[in-house]
$ cat entry02.cif   # mmCIF, C-alpha atoms and all ligand atoms
data_data
loop_
_atom_site.label_atom_id
_atom_site.label_comp_id
_atom_site.auth_asym_id
_atom_site.auth_seq_id
_atom_site.Cartn_x
_atom_site.Cartn_y
_atom_site.Cartn_z
CA MET A 1 -7.93 12.68 30.18
CA LYS A 2 -9.97 9.72 28.95
CA THR A 3 -9.59 9.00 25.24
CA PHE A 4 -12.70 8.45 23.21
CA ASN A 5 -12.57 5.02 21.57
CA LEU A 6 -14.18 4.02 18.31
CA THR A 7 -16.11 0.76 17.99
CA GLU A 8 -14.65 -2.03 15.86
CA GLU A 9 -17.25 -1.26 13.20
CA GLN A 10 -16.30 2.44 13.14
CA LYS A 11 -12.59 1.56 12.91
CA GLU A 12 -13.35 -0.79 10.02
CA PHE A 13 -15.25 1.95 8.17
CA PHE A 14 -12.29 4.30 8.64
CA PHE A 15 -9.85 1.73 7.33
CA GLN A 16 -12.03 0.90 4.30
CA GLU A 17 -12.14 4.60 3.42
CA ILE A 18 -8.45 5.46 3.90
CA LYS A 19 -7.29 2.40 2.03
CA LYS A 20 -8.78 3.86 -1.18
CA ILE A 21 -6.05 6.53 -1.00
CA ILE A 22 -3.15 5.63 1.27
CA TYR A 23 -1.78 2.85 -0.99
CA THR A 24 -1.82 4.97 -4.15
CA PRO A 25 1.63 6.09 -5.43
CA ASN A 26 0.77 9.81 -5.27
CA PHE A 27 -0.03 9.51 -1.58
CA ILE A 28 2.86 7.17 -0.70
CA ILE A 29 5.25 9.88 -1.99
CA LEU A 30 4.26 11.95 1.06
CA LYS A 31 6.39 9.59 3.18
CA GLN A 32 9.43 11.40 1.77
CA PHE A 33 8.52 14.80 3.17
CA ARG A 34 9.14 15.90 6.73
CA HIS A 35 6.11 17.61 8.23
CA HIS A 36 6.64 18.19 11.96
CA GLY A 37 10.02 17.05 13.27
CA SER A 38 10.46 13.46 12.13
CA ILE A 39 6.73 13.03 11.36
CA SER A 40 6.15 12.73 7.61
CA THR A 41 3.34 14.44 5.72
CA TYR A 42 1.99 10.91 5.08
CA THR A 43 1.65 10.15 8.80
CA HIS A 44 0.34 13.64 9.54
CA ALA A 45 -2.41 13.32 6.93
CA ILE A 46 -3.60 9.95 8.24
CA LYS A 47 -3.56 11.34 11.77
CA VAL A 48 -5.69 14.35 10.79
CA ALA A 49 -8.13 12.03 9.00
CA TYR A 50 -8.40 9.80 12.08
CA PHE A 51 -8.74 12.72 14.53
CA SER A 52 -11.38 14.35 12.30
CA TYR A 53 -13.41 11.16 11.97
CA ARG A 54 -13.22 10.46 15.72
CA PHE A 55 -14.03 14.09 16.56
CA SER A 56 -17.22 14.01 14.44
CA ILE A 57 -18.38 10.82 16.18
CA GLN A 58 -17.40 11.89 19.69
CA HIS A 59 -19.22 15.22 19.36
CA LYS A 60 -22.11 13.70 17.39
CA ILE A 61 -21.63 16.15 14.51
CA LYS A 62 -23.62 15.17 11.44
CA VAL A 63 -21.24 15.27 8.51
CA ASN A 64 -20.53 13.27 5.39
CA LYS A 65 -17.95 10.88 6.88
CA ARG A 66 -16.61 9.72 3.52
CA GLU A 67 -16.00 13.28 2.36
CA LEU A 68 -14.54 14.22 5.75
CA ILE A 69 -11.98 11.40 5.69
CA LYS A 70 -11.03 11.98 2.05
CA ALA A 71 -10.62 15.76 2.41
CA ALA A 72 -8.64 15.35 5.66
CA LEU A 73 -6.30 12.82 4.01
CA LEU A 74 -5.65 15.16 1.08
CA HIS A 75 -5.57 18.51 2.94
CA ASP A 76 -1.74 18.75 2.71
CA LEU A 77 -1.24 17.15 -0.71
CA TYR A 78 1.80 19.13 -1.84
CA PHE A 79 5.06 17.58 -2.91
CA TYR A 80 7.94 19.35 -1.18
CA ASP A 81 9.52 19.72 2.24
CA TRP A 82 8.16 23.03 3.54
CA HIS A 83 11.29 23.47 5.71
CA ASP A 84 13.40 23.67 2.57
CA LYS A 85 13.56 27.42 1.90
CA ASP A 86 15.86 26.95 -1.11
CA ASN A 87 13.37 25.15 -3.31
CA GLY A 88 11.40 28.27 -4.13
CA VAL A 89 8.58 27.69 -1.66
CA HIS A 90 7.61 31.05 -0.22
CA LEU A 91 4.80 31.79 2.20
CA HIS A 92 4.04 28.09 2.39
CA GLY A 93 1.50 28.51 5.19
CA LEU A 94 -0.64 30.82 3.10
CA PHE A 95 -0.50 29.10 -0.25
CA HIS A 96 -0.30 25.35 0.32
CA PRO A 97 -4.07 24.77 0.82
CA LYS A 98 -4.70 26.00 -2.73
CA LYS A 99 -1.89 23.79 -4.06
CA ALA A 100 -3.30 20.78 -2.21
CA VAL A 101 -6.78 21.40 -3.63
CA LYS A 102 -5.37 21.71 -7.15
CA ASN A 103 -3.37 18.48 -6.78
CA ALA A 104 -6.35 16.64 -5.27
CA ILE A 105 -8.61 17.70 -8.17
CA HIS A 106 -6.02 16.52 -10.65
CA LEU A 107 -4.98 13.27 -8.93
CA TYR A 108 -8.06 12.19 -6.94
CA ASN A 109 -10.91 13.84 -8.79
CA ILE A 110 -12.35 15.44 -5.66
CA THR A 111 -15.79 17.06 -5.69
CA LYS A 112 -16.58 20.76 -5.22
CA ARG A 113 -17.71 20.06 -1.64
CA GLU A 114 -14.49 18.18 -0.83
CA GLN A 115 -12.54 21.14 -2.23
CA ARG A 116 -14.38 23.44 0.19
CA HIS A 117 -13.60 21.11 3.13
CA MET A 118 -9.87 21.41 2.37
CA ALA A 119 -9.49 24.98 1.18
CA HIS A 120 -9.54 26.90 4.47
CA HIS A 121 -7.80 24.50 6.86
CA MET A 122 -5.11 27.10 7.67
CA PHE A 123 -7.60 29.54 9.17
CA PRO A 124 -6.89 31.86 11.06
CA LEU A 125 -3.51 32.21 9.29
CA THR A 126 -5.47 32.55 6.07
CA LEU A 127 -8.27 34.99 6.61
CA ILE A 128 -11.27 33.11 5.24
CA PRO A 129 -12.79 30.63 7.73
CA PRO A 130 -13.95 27.15 6.67
CA THR A 131 -17.31 27.15 4.91
CA THR A 132 -18.47 23.62 5.80
CA LYS A 133 -18.76 21.61 9.03
CA GLU A 134 -16.26 19.11 7.62
CA GLY A 135 -13.89 22.01 6.91
CA TRP A 136 -14.13 23.26 10.49
CA ILE A 137 -13.42 19.79 11.86
CA ILE A 138 -10.35 19.41 9.62
CA CYS A 139 -9.14 22.89 10.59
CA ILE A 140 -9.41 22.05 14.32
CA CYS A 141 -7.99 18.52 14.04
CA ASP A 142 -5.05 19.73 11.94
CA LYS A 143 -4.04 21.95 14.89
CA LEU A 144 -4.68 19.19 17.45
CA SER A 145 -2.57 16.81 15.44
CA ALA A 146 0.29 19.35 15.15
CA ILE A 147 0.23 19.81 18.95
CA SER A 148 0.30 16.04 19.44
CA ASP A 149 3.20 15.68 16.93
CA TYR A 150 5.31 18.28 18.75
CA LYS A 151 4.42 16.83 22.18
CA GLY A 152 5.55 13.39 20.97
CA ILE A 153 8.82 14.81 19.64
CA ARG A 154 9.49 16.64 22.94
CA LEU A 155 8.78 13.50 24.97
CA ALA A 156 11.04 11.42 22.72
CA LYS A 157 13.88 13.94 23.17
CA LYS A 158 13.41 14.02 26.94
CA TYR A 159 13.43 10.23 27.10
CA LYS A 160 16.55 10.04 24.95
CA LYS A 161 18.36 12.49 27.24
CA ARG A 162 17.36 10.49 30.34
CA LYS A 163 18.71 7.27 28.83
CA LYS A 164 22.19 8.77 28.46
FE FE B 1 -1.75 22.37 5.93
FE FE B 2 -1.93 19.67 8.03
#

$ encode --input "entry02.cif" --output "structure tokens"
Amino acid sequence: MKTFNLTEEQKEFFFQEIKKIIYTPNFIILKQFRHHGSISTYTHAIKVAYFSYRFSIQHKIKVNKRELIKAALLHDLYFYDWHDKDNGVHLHGLFHPKKAVKNAIHLYNITKREQRHMAHHMFPLTLIPPTTKEGWIICICDKLSAISDYKGIRLAKKYKKRKK
């Protein structure tokens, strides 16, 4: 399948937007937490932001690109390893979007609209669907990015086995 490529100008816009957040200490912490396999929450969040931005351009969906990138970057802003069942994190899948929104309000001063973009990204696990176009894009690209993470991990394992 042919990948859709961004222009240099579009890539530059993306970088200018993510750099407002990805070098801040509260975001760098996400490097410590495992998200899918060996992929950290930090890498996952940047991937979802990139996929979401590219998706909106590829499908010519009119959205607020700045809000889309910011909300996608912050959609999993919680500070624990969700695999760690001993640290008191129960029903992570259901409750982490609310935690991420709360953290993003506190640490990144996000707007009401940005909160709505993030709040329902776990649909259909959580019953309420996204209420904005940006929210739908993040919800879809979060799943696409998880599939791509697991595919990458499977390929890496297969390759490692073959090398032996
Ligand atoms: Fe999430
Ligand atoms: Fe996610």

$ atom_distance --input "entry02.cif" --atom1 "atom CA of A:His75" --atom2 "atom CA of A:Glu12"
22.0 Å

$ closest_residue --input "entry02.cif" --among "A:Arg54, A:Lys65, A:His120, A:His59" --to "ligand FE 1 (chain B)" --atoms "all atoms listed in the file"
A:His120

$ residues_near_ligand --input "entry02.cif" --ligand "ligand FE 1 (chain B)" --cutoff "10 Å" --atoms "all atoms listed in the file" --output "MDAnalysis selection string"
chainID A and resid 35 41 44:45 72 74:78 92:98 100 118:123 138:139 142:143 146

$ atom_distance --input "entry02.cif" --atom1 "atom CA of A:Arg34" --atom2 "atom CA of A:Tyr150"
12.8 Å
